[in-house]
>>> print(open('model-v1.tsv').read())   # TSV, C-alpha atoms and all ligand atoms
chain	number	residue	atom	x	y	z
A	1	MET	CA	-4.79	24.37	4.89
A	2	ALA	CA	-2.05	23.21	2.58
A	3	ALA	CA	1.54	23.78	3.65
A	4	PRO	CA	2.94	26.62	1.50
A	5	GLN	CA	5.69	24.42	0.09
A	6	GLY	CA	3.31	21.52	-0.41
A	7	TYR	CA	4.02	17.96	0.73
A	8	PRO	CA	7.01	16.07	-0.71
A	9	LEU	CA	5.25	12.68	-0.73
A	10	LEU	CA	1.83	12.23	-2.27
A	11	ALA	CA	-0.04	8.92	-1.91
A	12	LEU	CA	-3.14	7.88	-3.84
A	13	GLU	CA	-5.51	4.97	-3.29
A	14	ASN	CA	-8.78	3.83	-1.75
A	15	PRO	CA	-9.66	5.09	1.75
A	16	LEU	CA	-11.55	2.38	3.64
A	17	LEU	CA	-12.99	1.78	7.05
A	18	ASP	CA	-11.85	-1.64	8.30
A	19	ILE	CA	-14.54	-3.60	10.15
A	20	GLN	CA	-12.61	-6.31	11.93
A	21	ALA	CA	-13.94	-9.23	13.98
A	22	ARG	CA	-13.27	-12.87	14.78
A	23	GLY	CA	-14.95	-15.50	12.66
A	24	ASP	CA	-14.75	-19.25	12.21
A	25	ALA	CA	-14.73	-21.77	9.38
A	26	ALA	CA	-18.52	-21.64	9.08
A	27	PHE	CA	-18.44	-17.85	8.81
A	28	LEU	CA	-15.85	-18.02	6.04
A	29	GLU	CA	-17.87	-20.67	4.26
A	30	LYS	CA	-21.06	-18.63	4.46
A	31	TYR	CA	-19.37	-15.98	2.30
A	32	GLY	CA	-17.16	-18.33	0.26
A	33	LEU	CA	-13.95	-16.78	1.64
A	34	LYS	CA	-10.49	-18.31	2.02
A	35	PRO	CA	-8.85	-17.86	5.46
A	36	ASN	CA	-6.10	-15.64	4.01
A	37	ASP	CA	-7.17	-13.54	1.09
A	38	ALA	CA	-8.16	-10.11	-0.17
A	39	ILE	CA	-11.09	-9.84	-2.55
A	40	LEU	CA	-13.58	-7.29	-3.81
A	41	ALA	CA	-17.10	-7.81	-2.49
A	42	GLU	CA	-19.78	-9.06	-4.84
A	43	GLU	CA	-23.53	-9.25	-4.33
A	44	GLN	CA	-23.28	-12.35	-2.10
A	45	HIS	CA	-20.86	-10.61	0.26
A	46	MET	CA	-22.88	-7.52	1.07
A	47	GLY	CA	-24.27	-8.96	4.32
A	48	ILE	CA	-20.81	-9.49	5.78
A	49	TYR	CA	-20.44	-5.99	7.23
A	50	GLU	CA	-23.59	-6.18	9.37
A	51	ASP	CA	-22.61	-9.73	10.30
A	52	LEU	CA	-19.18	-8.56	11.48
A	53	LEU	CA	-20.65	-5.59	13.35
A	54	ALA	CA	-22.92	-8.05	15.19
A	55	ARG	CA	-19.73	-9.82	16.34
A	56	ASP	CA	-18.51	-6.80	18.24
A	57	ALA	CA	-16.24	-5.63	15.42
A	58	LYS	CA	-13.47	-3.08	15.80
A	59	LEU	CA	-13.57	-0.10	13.45
A	60	ILE	CA	-10.12	0.85	12.20
A	61	PRO	CA	-9.24	3.45	9.57
A	62	GLY	CA	-7.60	1.63	6.70
A	63	GLY	CA	-6.88	1.42	3.03
A	64	ALA	CA	-3.42	0.04	2.26
A	65	ALA	CA	-1.77	3.19	0.91
A	66	GLN	CA	-3.41	5.32	3.60
A	67	ASN	CA	-1.60	3.10	6.11
A	68	THR	CA	1.61	3.54	4.12
A	69	ALA	CA	1.11	7.32	4.10
A	70	ARG	CA	0.65	7.36	7.90
A	71	GLY	CA	3.73	5.14	8.23
A	72	ALA	CA	5.91	7.39	6.10
A	73	GLN	CA	4.76	10.47	8.00
A	74	TYR	CA	5.60	8.67	11.28
A	75	MET	CA	9.27	8.70	10.25
A	76	LEU	CA	9.42	12.06	8.45
A	77	PRO	CA	9.36	15.71	9.59
A	78	GLU	CA	5.96	17.43	9.91
A	79	ASN	CA	4.00	18.18	6.73
A	80	SER	CA	5.78	15.60	4.60
A	81	VAL	CA	2.88	13.48	3.36
A	82	MET	CA	-0.49	13.99	1.72
A	83	TYR	CA	-3.08	11.43	0.70
A	84	ILE	CA	-5.75	11.44	-1.99
A	85	GLY	CA	-8.78	9.19	-2.51
A	86	CYS	CA	-12.58	9.27	-2.44
A	87	VAL	CA	-14.86	8.97	0.60
A	88	GLY	CA	-18.62	9.32	1.16
A	89	LYS	CA	-20.45	12.18	2.81
A	90	ASP	CA	-20.85	10.35	6.12
A	91	LYS	CA	-19.36	9.97	9.58
A	92	TYR	CA	-16.95	7.27	8.39
A	93	GLY	CA	-15.43	9.65	5.87
A	94	ASP	CA	-15.03	12.17	8.72
A	95	ILE	CA	-13.39	9.50	10.90
A	96	LEU	CA	-10.90	8.66	8.15
A	97	LYS	CA	-9.99	12.30	7.66
A	98	LYS	CA	-9.59	12.88	11.39
A	99	THR	CA	-7.40	9.79	11.89
A	100	CYS	CA	-5.16	10.75	9.02
A	101	GLU	CA	-4.79	14.29	10.24
A	102	GLU	CA	-4.03	13.11	13.78
A	103	ALA	CA	-1.19	11.11	12.20
A	104	GLY	CA	0.02	14.29	10.51
A	105	VAL	CA	-1.07	13.27	7.01
A	106	HIS	CA	-2.82	15.96	4.99
A	107	THR	CA	-5.84	14.63	3.08
A	108	GLU	CA	-7.45	15.88	-0.11
A	109	TYR	CA	-10.45	13.58	-0.42
A	110	ARG	CA	-12.97	13.74	-3.18
A	111	VAL	CA	-16.30	13.50	-1.35
A	112	ASP	CA	-18.91	11.55	-3.28
A	113	GLU	CA	-22.51	12.70	-2.87
A	114	ASN	CA	-24.14	9.32	-3.46
A	115	GLN	CA	-22.01	6.44	-2.23
A	116	PRO	CA	-21.09	5.72	1.41
A	117	THR	CA	-17.46	5.55	2.52
A	118	GLY	CA	-15.82	2.27	1.47
A	119	LYS	CA	-15.53	-0.64	3.89
A	120	CYS	CA	-13.19	-3.56	4.30
A	121	GLY	CA	-14.58	-6.54	6.22
A	122	VAL	CA	-11.76	-8.29	8.05
A	123	VAL	CA	-12.49	-11.82	9.28
A	124	ILE	CA	-9.92	-13.14	11.72
A	125	THR	CA	-9.62	-16.90	12.23
A	126	GLY	CA	-6.62	-17.84	14.37
A	127	HIS	CA	-3.63	-16.12	12.79
A	128	ASP	CA	-5.36	-15.77	9.44
A	129	ARG	CA	-7.38	-12.93	8.10
A	130	SER	CA	-9.61	-12.65	5.13
A	131	MET	CA	-10.44	-9.25	3.72
A	132	CYS	CA	-13.53	-8.41	1.70
A	133	THR	CA	-13.69	-4.89	0.35
A	134	HIS	CA	-16.76	-2.97	-0.73
A	135	LEU	CA	-15.25	0.05	-2.38
A	136	ALA	CA	-18.46	2.13	-2.55
A	137	ALA	CA	-17.29	5.79	-2.58
A	138	ALA	CA	-13.62	4.73	-2.90
A	139	ASN	CA	-14.58	3.50	-6.37
A	140	GLU	CA	-15.74	7.00	-7.33
A	141	TYR	CA	-12.36	8.69	-7.48
A	142	LYS	CA	-12.19	10.88	-10.59
A	143	ILE	CA	-9.28	12.36	-12.47
A	144	GLU	CA	-11.15	15.69	-12.53
A	145	HIS	CA	-10.49	15.89	-8.79
A	146	LEU	CA	-6.77	15.27	-9.27
A	147	LYS	CA	-6.64	17.85	-12.06
A	148	SER	CA	-8.63	20.50	-10.16
A	149	PRO	CA	-6.41	23.59	-9.66
A	150	HIS	CA	-5.90	23.26	-5.90
A	151	VAL	CA	-5.15	19.52	-5.92
A	152	TRP	CA	-3.00	19.65	-9.05
A	153	SER	CA	-0.92	22.47	-7.57
A	154	LEU	CA	-0.13	20.07	-4.70
A	155	VAL	CA	0.64	17.29	-7.20
A	156	GLU	CA	3.11	19.63	-8.87
A	157	LYS	CA	4.74	20.53	-5.57
A	158	ALA	CA	5.19	16.86	-4.60
A	159	GLN	CA	8.44	15.16	-5.62
A	160	PHE	CA	7.55	11.55	-4.75
A	161	TYR	CA	4.41	9.61	-5.62
A	162	TYR	CA	3.22	6.40	-4.02
A	163	VAL	CA	0.23	4.58	-5.52
A	164	GLY	CA	-1.44	1.56	-3.94
A	165	GLY	CA	-2.18	-1.13	-6.51
A	166	TYR	CA	-5.77	-1.43	-5.31
A	167	HIS	CA	-6.40	1.86	-7.08
A	168	LEU	CA	-5.91	0.07	-10.40
A	169	THR	CA	-9.49	-1.12	-9.97
A	170	VAL	CA	-10.71	2.46	-9.63
A	171	CYS	CA	-9.13	5.23	-11.71
A	172	VAL	CA	-6.21	4.28	-13.95
A	173	PRO	CA	-6.15	7.74	-15.64
A	174	ALA	CA	-5.31	9.37	-12.29
A	175	ILE	CA	-2.40	6.94	-11.81
A	176	GLU	CA	-1.20	7.60	-15.35
A	177	ALA	CA	-1.38	11.36	-14.77
A	178	LEU	CA	0.90	11.02	-11.74
A	179	GLY	CA	3.19	8.71	-13.71
A	180	GLU	CA	3.42	11.19	-16.59
A	181	GLU	CA	4.14	14.06	-14.20
A	182	ALA	CA	6.87	11.99	-12.53
A	183	ALA	CA	8.44	10.89	-15.81
A	184	ALA	CA	8.34	14.39	-17.34
A	185	LYS	CA	10.03	16.01	-14.33
A	186	ASN	CA	12.23	13.10	-13.22
A	187	LYS	CA	10.31	12.68	-9.96
A	188	VAL	CA	10.06	9.35	-8.13
A	189	PHE	CA	7.05	7.10	-8.83
A	190	MET	CA	6.38	4.09	-6.60
A	191	LEU	CA	3.67	1.44	-6.78
A	192	SER	CA	2.68	-1.60	-4.77
A	193	LEU	CA	1.00	-4.60	-6.39
A	194	SER	CA	-1.07	-4.78	-3.16
A	195	ALA	CA	-2.80	-8.18	-3.61
A	196	PRO	CA	-2.59	-11.27	-5.84
A	197	PHE	CA	-5.90	-10.43	-7.51
A	198	ILE	CA	-4.41	-7.26	-8.99
A	199	PRO	CA	-1.91	-9.03	-11.32
A	200	GLN	CA	-4.48	-11.81	-11.82
A	201	PHE	CA	-7.56	-9.84	-12.75
A	202	PHE	CA	-6.30	-6.29	-13.41
A	203	LYS	CA	-3.30	-7.33	-15.45
A	204	GLU	CA	-3.87	-4.88	-18.31
A	205	GLN	CA	-4.38	-1.93	-15.97
A	206	LEU	CA	-1.23	-2.89	-14.05
A	207	ASP	CA	0.82	-3.22	-17.20
A	208	THR	CA	-0.33	0.22	-18.32
A	209	VAL	CA	1.22	1.89	-15.28
A	210	LEU	CA	4.26	-0.31	-14.49
A	211	PRO	CA	6.44	1.53	-17.06
A	212	TYR	CA	6.20	4.60	-14.79
A	213	THR	CA	7.50	2.88	-11.66
A	214	ASP	CA	10.93	3.61	-10.24
A	215	TYR	CA	10.15	1.35	-7.28
A	216	THR	CA	7.79	-1.63	-7.56
A	217	PHE	CA	6.78	-3.24	-4.25
A	218	CYS	CA	5.17	-6.64	-3.71
A	219	ASN	CA	5.21	-9.59	-1.36
A	220	GLU	CA	6.13	-13.10	-2.46
A	221	THR	CA	2.54	-14.14	-3.20
A	222	GLU	CA	1.91	-11.08	-5.36
A	223	ALA	CA	5.23	-11.61	-7.13
A	224	ARG	CA	4.23	-15.20	-7.98
A	225	ALA	CA	0.77	-14.08	-9.06
A	226	TYR	CA	2.39	-11.58	-11.44
A	227	ALA	CA	4.73	-14.26	-12.81
A	228	ALA	CA	1.82	-16.68	-13.30
A	229	SER	CA	-0.43	-14.18	-15.06
A	230	HIS	CA	2.44	-13.29	-17.40
A	231	GLU	CA	3.38	-16.94	-17.97
A	232	TRP	CA	6.93	-16.41	-16.83
A	233	GLY	CA	7.17	-20.10	-15.94
A	234	THR	CA	8.90	-19.51	-12.61
A	235	GLU	CA	7.93	-19.28	-8.95
A	236	ASP	CA	11.43	-18.30	-7.91
A	237	VAL	CA	11.29	-14.96	-6.12
A	238	VAL	CA	14.82	-13.93	-7.14
A	239	GLU	CA	14.06	-14.69	-10.79
A	240	ILE	CA	10.79	-12.75	-10.58
A	241	ALA	CA	12.47	-9.76	-8.88
A	242	LYS	CA	14.97	-9.65	-11.76
A	243	LYS	CA	12.27	-9.77	-14.38
A	244	LEU	CA	10.13	-7.16	-12.60
A	245	ALA	CA	13.14	-4.83	-12.47
A	246	LEU	CA	13.79	-5.30	-16.18
A	247	LEU	CA	10.26	-4.46	-17.38
A	248	PRO	CA	10.06	-1.54	-19.82
A	249	LYS	CA	10.58	1.86	-18.22
A	250	LYS	CA	9.43	5.31	-19.28
A	251	ASN	CA	11.87	7.50	-17.36
A	252	THR	CA	15.32	6.19	-18.23
A	253	GLN	CA	17.04	8.69	-15.92
A	254	ARG	CA	16.35	6.43	-12.93
A	255	PRO	CA	16.99	2.69	-12.60
A	256	ARG	CA	14.04	0.41	-11.90
A	257	VAL	CA	14.11	-1.17	-8.47
A	258	ALA	CA	11.80	-4.11	-7.70
A	259	ILE	CA	11.37	-5.00	-4.03
A	260	VAL	CA	9.86	-8.30	-2.93
A	261	THR	CA	9.21	-8.76	0.79
A	262	GLN	CA	8.52	-12.25	2.10
A	263	GLY	CA	7.55	-12.06	5.75
A	264	THR	CA	10.46	-13.22	7.90
A	265	GLU	CA	12.41	-14.39	4.85
A	266	PRO	CA	14.94	-11.99	3.30
A	267	THR	CA	13.71	-9.00	1.31
A	268	VAL	CA	14.79	-9.46	-2.31
A	269	VAL	CA	15.68	-6.40	-4.36
A	270	GLY	CA	16.32	-6.33	-8.11
A	271	ILE	CA	18.09	-3.26	-9.49
A	272	ALA	CA	18.12	-2.85	-13.25
A	273	SER	CA	20.87	-1.04	-15.12
A	274	ALA	CA	20.52	0.87	-18.36
A	275	ASP	CA	22.62	-1.79	-20.14
A	276	GLY	CA	19.93	-4.41	-19.46
A	277	SER	CA	21.75	-6.16	-16.62
A	278	VAL	CA	20.21	-6.58	-13.19
A	279	GLU	CA	21.73	-6.83	-9.76
A	280	ILE	CA	20.11	-8.75	-6.90
A	281	LYS	CA	20.52	-7.77	-3.26
A	282	GLN	CA	18.99	-9.56	-0.31
A	283	PHE	CA	18.32	-8.13	3.12
A	284	ASN	CA	17.71	-10.30	6.16
A	285	VAL	CA	14.73	-9.50	8.34
A	286	HIS	CA	15.50	-8.89	12.02
A	287	GLU	CA	13.07	-11.33	13.51
A	288	ILE	CA	11.19	-10.33	16.60
A	289	SER	CA	9.96	-12.84	19.13
A	290	LYS	CA	6.61	-14.48	18.42
A	291	ASP	CA	5.23	-13.20	21.75
A	292	ALA	CA	5.91	-9.62	20.72
A	293	ILE	CA	3.89	-9.95	17.51
A	294	ASN	CA	0.37	-8.66	17.78
A	295	ASP	CA	-0.93	-8.50	14.23
A	296	THR	CA	1.05	-9.01	11.02
A	297	ASN	CA	-1.70	-7.50	8.87
A	298	GLY	CA	-0.37	-4.48	7.05
A	299	ALA	CA	3.31	-5.44	7.49
A	300	GLY	CA	3.85	-4.80	3.79
A	301	ASP	CA	2.10	-1.40	3.96
A	302	ALA	CA	4.27	-0.41	6.91
A	303	PHE	CA	7.39	-1.62	5.12
A	304	ALA	CA	6.49	0.57	2.13
A	305	GLY	CA	5.89	3.51	4.51
A	306	GLY	CA	9.32	3.23	6.09
A	307	PHE	CA	10.96	2.68	2.72
A	308	CYS	CA	9.23	5.76	1.26
A	309	ALA	CA	10.41	7.79	4.27
A	310	GLY	CA	13.95	6.72	3.41
A	311	VAL	CA	13.63	7.65	-0.24
A	312	VAL	CA	12.02	11.01	0.58
A	313	SER	CA	14.83	11.87	2.98
A	314	GLY	CA	17.48	10.98	0.41
A	315	LYS	CA	18.74	7.82	2.13
A	316	SER	CA	20.54	5.02	0.30
A	317	LEU	CA	18.69	1.92	-0.89
A	318	GLU	CA	20.18	-0.10	1.98
A	319	ASP	CA	19.12	2.45	4.59
A	320	SER	CA	15.64	2.76	3.06
A	321	ILE	CA	15.17	-1.03	3.21
A	322	ASP	CA	16.27	-0.98	6.83
A	323	MET	CA	13.79	1.82	7.59
A	324	GLY	CA	11.05	-0.23	5.90
A	325	GLN	CA	11.89	-3.31	7.94
A	326	TRP	CA	12.12	-1.27	11.13
A	327	LEU	CA	8.69	0.32	10.66
A	328	ALA	CA	7.13	-3.04	9.69
A	329	SER	CA	8.52	-4.63	12.85
A	330	LYS	CA	7.03	-1.78	14.94
A	331	SER	CA	3.68	-2.04	13.19
A	332	ILE	CA	3.26	-5.80	13.71
A	333	GLN	CA	3.64	-5.25	17.45
A	334	GLU	CA	0.49	-3.08	17.35
A	335	LEU	CA	-3.09	-4.12	16.69
A	336	GLY	CA	-4.28	-3.18	13.22
A	337	PRO	CA	-2.21	-1.14	10.80
A	338	SER	CA	-0.84	1.34	13.32
A	339	PHE	CA	2.43	2.58	14.78
A	340	PRO	CA	3.53	2.79	18.40
A	341	PRO	CA	2.59	5.83	20.41
A	342	PRO	CA	4.52	7.70	21.62
A	343	LYS	CA	6.64	8.13	18.56
A	344	GLN	CA	9.78	5.98	18.51
A	345	THR	CA	12.91	7.19	16.81
A	346	TYR	CA	14.55	5.06	14.15
A	347	SER	CA	18.18	4.16	14.36
A	348	ARG	CA	20.05	2.05	11.84
A	349	SER	CA	20.22	-1.59	12.88
A	401	LIG	N1	7.40	-11.97	11.92
A	401	LIG	C1	8.09	-10.89	11.51
A	401	LIG	N2	9.15	-10.43	12.21
A	401	LIG	C2	9.82	-9.34	11.81
A	401	LIG	N3	9.52	-8.63	10.72
A	401	LIG	C3	8.49	-9.04	9.96
A	401	LIG	C4	7.70	-10.18	10.31
A	401	LIG	N4	6.70	-10.31	9.38
A	401	LIG	C5	6.88	-9.32	8.51
A	401	LIG	N5	7.94	-8.54	8.84
A	401	LIG	C6	8.46	-7.36	8.13
A	401	LIG	O1	7.44	-6.84	7.30
A	401	LIG	C7	7.87	-6.87	5.92
A	401	LIG	C8	6.68	-7.13	5.04
A	401	LIG	O2	6.07	-8.34	5.42
A	401	LIG	P1	5.32	-9.27	4.33
A	401	LIG	O3	4.62	-10.35	5.06
A	401	LIG	O4	6.30	-9.66	3.27
A	401	LIG	O5	4.29	-8.24	3.68
A	401	LIG	P2	2.70	-8.39	3.45
A	401	LIG	O6	2.06	-7.81	4.65
A	401	LIG	O7	2.48	-7.57	2.20
A	401	LIG	O8	2.43	-9.86	3.24
A	401	LIG	C9	8.95	-7.94	5.89
A	401	LIG	O9	9.86	-7.70	4.83
A	401	LIG	C10	9.61	-7.75	7.24
A	401	LIG	O10	10.53	-6.68	7.20
A	402	MG	MG	3.03	-11.66	4.11
>>> encode(input="model-v1.tsv", output="structure tokens", more="lines below")
Ligand SMILES: Nc1ncnc2c1ncn2[C@@H]1O[C@H](COP(=O)(O)OP(=O)(O)O)[C@@H](O)[C@H]1O
Ligand SMILES: [Mg+2]
Amino acid sequence: MAAPQGYPLLALENPLLDIQARGDAAFLEKYGLKPNDAILAEEQHMGIYEDLLARDAKLIPGGAAQNTARGAQYMLPENSVMYIGCVGKDKYGDILKKTCEEAGVHTEYRVDENQPTGKCGVVITGHDRSMCTHLAAANEYKIEHLKSPHVWSLVEKAQFYYVGGYHLTVCVPAIEALGEEAAAKNKVFMLSLSAPFIPQFFKEQLDTVLPYTDYTFCNETEARAYAASHEWGTEDVVEIAKKLALLPKKNTQRPRVAIVTQGTEPTVVGIASADGSVEIKQFNVHEISKDAINDTNGAGDAFAGGFCAGVVSGKSLEDSIDMGQWLASKSIQELGPSFPPPKQTYSRS
């Protein structure tokens, strides 16, 4: 049942079941994977899921923006977040729905009749992890679902949109529809670049939707991948944050803010002004001891979740960054993209 007032924050992307196990150099080589990467599975990768399951894999509900949605809800009052994407008609789709709902996130999945729920194979070697995604049903998201009366009424009720960049490989029209809705009604539209391969290989799709963004999120590697694919001739994160902030913008009633996280290095924020100038702010990360860190996978997703919670609750940019860093630091102390139970309460650092 939808909350009568709807959900303020709506997230869209690719719901995936993570299949996570330890591997070694030979395992990576068998599938032609780098130790630290995120790719889409091709024919030669299809055996990896069975192979991982044979290694006593953990099954974890995932999908980057689904993690962000759970993170934002963790810090917000009940019924604040909903999530949209496409799953298969199978037990894994049911597991994803159940996990999301346990985290308080309302889901409106399109359920595909033919394809199974998407999977992400996660190969851990030491502190590295390589991710290989078979989108399957997640690739079957359709704008007709978004525009169906029930779902669209929830889109209209939402005031903040968060789109994971991985969805640029799936259904650009759905992202554009959210962007148009945001621009027309001066709502907030946020997007994460998600992985280096998005600016590398889905450059056109990305550039179609970037004009809608009020907040653009990326990590340092994604920032550099964007700069390289656009021949900006710089690897300097501050320079790139400036240029990302200054990209053309559809809704001129809000400034563009580009946020580049870089692990334990300061978070770099570029804030564009209407007059074409751009201000840079940097925020130190409160480091936590190495022993306390369990799993840094999904730090960026958690950061975005905390940041979105700040924006949704009307906090300042500085406070929202702090909320993002706080939630990321909590998440990396857990295994997989999750947040500490019982719920911990944020306080400004
Ligand atoms: N070792 C760490 N200690 C404390 N905070 C961290 C650590 N690693 C990451 N974070 C937090 O998570 C945020 C996102 O991490 P980052 O590695 O940039 O994202 P991604 O997961 O996309 O690579 C950082 O800005 C920081 O706030
Ligand atoms: Mg990182």
>>> residues_near_ligand(input="model-v1.tsv", ligand="ligand MG 402 (chain A)", cutoff="10 Å", atoms="all atoms listed in the file", output="list in words")
Asn36, Cys218, Asn219, Glu220, Thr221, Glu222, Thr261, Gln262, Gly263, Thr264, Glu265, Thr296, Asn297, Gly298, Ala299 and Gly300 of chain A
>>> closest_residue(input="model-v1.tsv", among="A:Ala158, A:Ile198, A:Ala183, A:Ile259", to="Ala225 of chain A", atoms="all atoms listed in the file")
A:Ile198
>>> residues_around(input="model-v1.tsv", residues="Cys100 of chain A", least_positions_apart="4", cutoff="9 Å", atoms="all atoms listed in the file", output="short mmCIF file (atom, residue, chain, number, x, y, z; two decimals) with C-alpha atoms, keeping the file's coordinate frame")
data_model
loop_
_atom_site.label_atom_id
_atom_site.label_comp_id
_atom_site.auth_asym_id
_atom_site.auth_seq_id
_atom_site.Cartn_x
_atom_site.Cartn_y
_atom_site.Cartn_z
CA PRO A 61 -9.24 3.45 9.57
CA GLN A 66 -3.41 5.32 3.60
CA ASN A 67 -1.60 3.10 6.11
CA ALA A 69 1.11 7.32 4.10
CA ARG A 70 0.65 7.36 7.90
CA TYR A 83 -3.08 11.43 0.70
CA ILE A 95 -13.39 9.50 10.90
CA LEU A 96 -10.90 8.66 8.15
CA GLY A 104 0.02 14.29 10.51
CA VAL A 105 -1.07 13.27 7.01
CA HIS A 106 -2.82 15.96 4.99
CA THR A 107 -5.84 14.63 3.08
#
>>> residues_near_ligand(input="model-v1.tsv", ligand="ligand LIG 401 (chain A)", cutoff="10 Å", atoms="all atoms listed in the file", output="PyMOL selection string")
chain A and resi 64+192-195+217-222+259-268+283-290+292-304+321-333
>>> atom_distance(input="model-v1.tsv", atom1="atom CA of Gly71 of chain A", atom2="atom CA of Met190 of chain A")
15.1 Å
>>> closest_residue(input="model-v1.tsv", among="A:Ser148, A:Gln20, A:Gln5, A:Thr234", to="Asp51 of chain A", atoms="all atoms listed in the file")
A:Gln20
>>> closest_residue(input="model-v1.tsv", among="A:Phe307, A:Tyr161, A:Tyr346, A:Tyr7", to="Val188 of chain A", atoms="only C-alpha atoms")
A:Tyr161
>>> decode(input="model-v1.tsv", residues="segment 213-229 of chain A", atoms="N, CA and C atoms", output="mmCIF file, in the first residue's frame")
data_model
loop_
_atom_site.group_PDB
_atom_site.id
_atom_site.type_symbol
_atom_site.label_atom_id
_atom_site.label_comp_id
_atom_site.auth_asym_id
_atom_site.auth_seq_id
_atom_site.Cartn_x
_atom_site.Cartn_y
_atom_site.Cartn_z
ATOM 1 N N THR A 213 20.519 17.270 -13.894
ATOM 2 C CA THR A 213 20.969 17.036 -12.519
ATOM 3 C C THR A 213 21.185 18.334 -11.743
ATOM 4 N N ASP A 214 20.660 18.333 -10.519
ATOM 5 C CA ASP A 214 20.992 19.375 -9.551
ATOM 6 C C ASP A 214 22.209 18.935 -8.744
ATOM 7 N N TYR A 215 22.284 17.638 -8.478
ATOM 8 C CA TYR A 215 23.441 17.064 -7.787
ATOM 9 C C TYR A 215 23.984 15.920 -8.633
ATOM 10 N N THR A 216 25.270 15.985 -8.978
ATOM 11 C CA THR A 216 25.942 14.908 -9.697
ATOM 12 C C THR A 216 26.953 14.284 -8.740
ATOM 13 N N PHE A 217 26.832 12.973 -8.512
ATOM 14 C CA PHE A 217 27.764 12.280 -7.611
ATOM 15 C C PHE A 217 28.726 11.416 -8.421
ATOM 16 N N CYS A 218 29.984 11.334 -7.987
ATOM 17 C CA CYS A 218 30.898 10.337 -8.536
ATOM 18 C C CYS A 218 32.070 10.158 -7.582
ATOM 19 N N ASN A 219 32.833 9.077 -7.775
ATOM 20 C CA ASN A 219 34.093 8.984 -7.042
ATOM 21 C C ASN A 219 35.211 9.457 -7.963
ATOM 22 N N GLU A 220 36.436 9.440 -7.462
ATOM 23 C CA GLU A 220 37.538 10.034 -8.218
ATOM 24 C C GLU A 220 37.791 9.295 -9.540
ATOM 25 N N THR A 221 37.619 7.972 -9.522
ATOM 26 C CA THR A 221 37.879 7.195 -10.740
ATOM 27 C C THR A 221 36.836 7.508 -11.807
ATOM 28 N N GLU A 222 35.584 7.624 -11.376
ATOM 29 C CA GLU A 222 34.519 7.958 -12.324
ATOM 30 C C GLU A 222 34.694 9.380 -12.856
ATOM 31 N N ALA A 223 35.121 10.283 -11.966
ATOM 32 C CA ALA A 223 35.355 11.669 -12.391
ATOM 33 C C ALA A 223 36.416 11.692 -13.492
ATOM 34 N N ARG A 224 37.509 10.938 -13.271
ATOM 35 C CA ARG A 224 38.595 10.927 -14.266
ATOM 36 C C ARG A 224 38.145 10.235 -15.547
ATOM 37 N N ALA A 225 37.310 9.214 -15.416
ATOM 38 C CA ALA A 225 36.805 8.539 -16.618
ATOM 39 C C ALA A 225 35.930 9.501 -17.428
ATOM 40 N N TYR A 226 35.149 10.325 -16.730
ATOM 41 C CA TYR A 226 34.326 11.315 -17.435
ATOM 42 C C TYR A 226 35.225 12.315 -18.157
ATOM 43 N N ALA A 227 36.243 12.810 -17.439
ATOM 44 C CA ALA A 227 37.162 13.800 -18.025
ATOM 45 C C ALA A 227 37.862 13.212 -19.247
ATOM 46 N N ALA A 228 38.291 11.953 -19.140
ATOM 47 C CA ALA A 228 38.999 11.322 -20.259
ATOM 48 C C ALA A 228 38.075 11.160 -21.466
ATOM 49 N N SER A 229 36.857 10.695 -21.233
ATOM 50 C CA SER A 229 35.972 10.438 -22.373
ATOM 51 C C SER A 229 35.509 11.736 -23.027
#
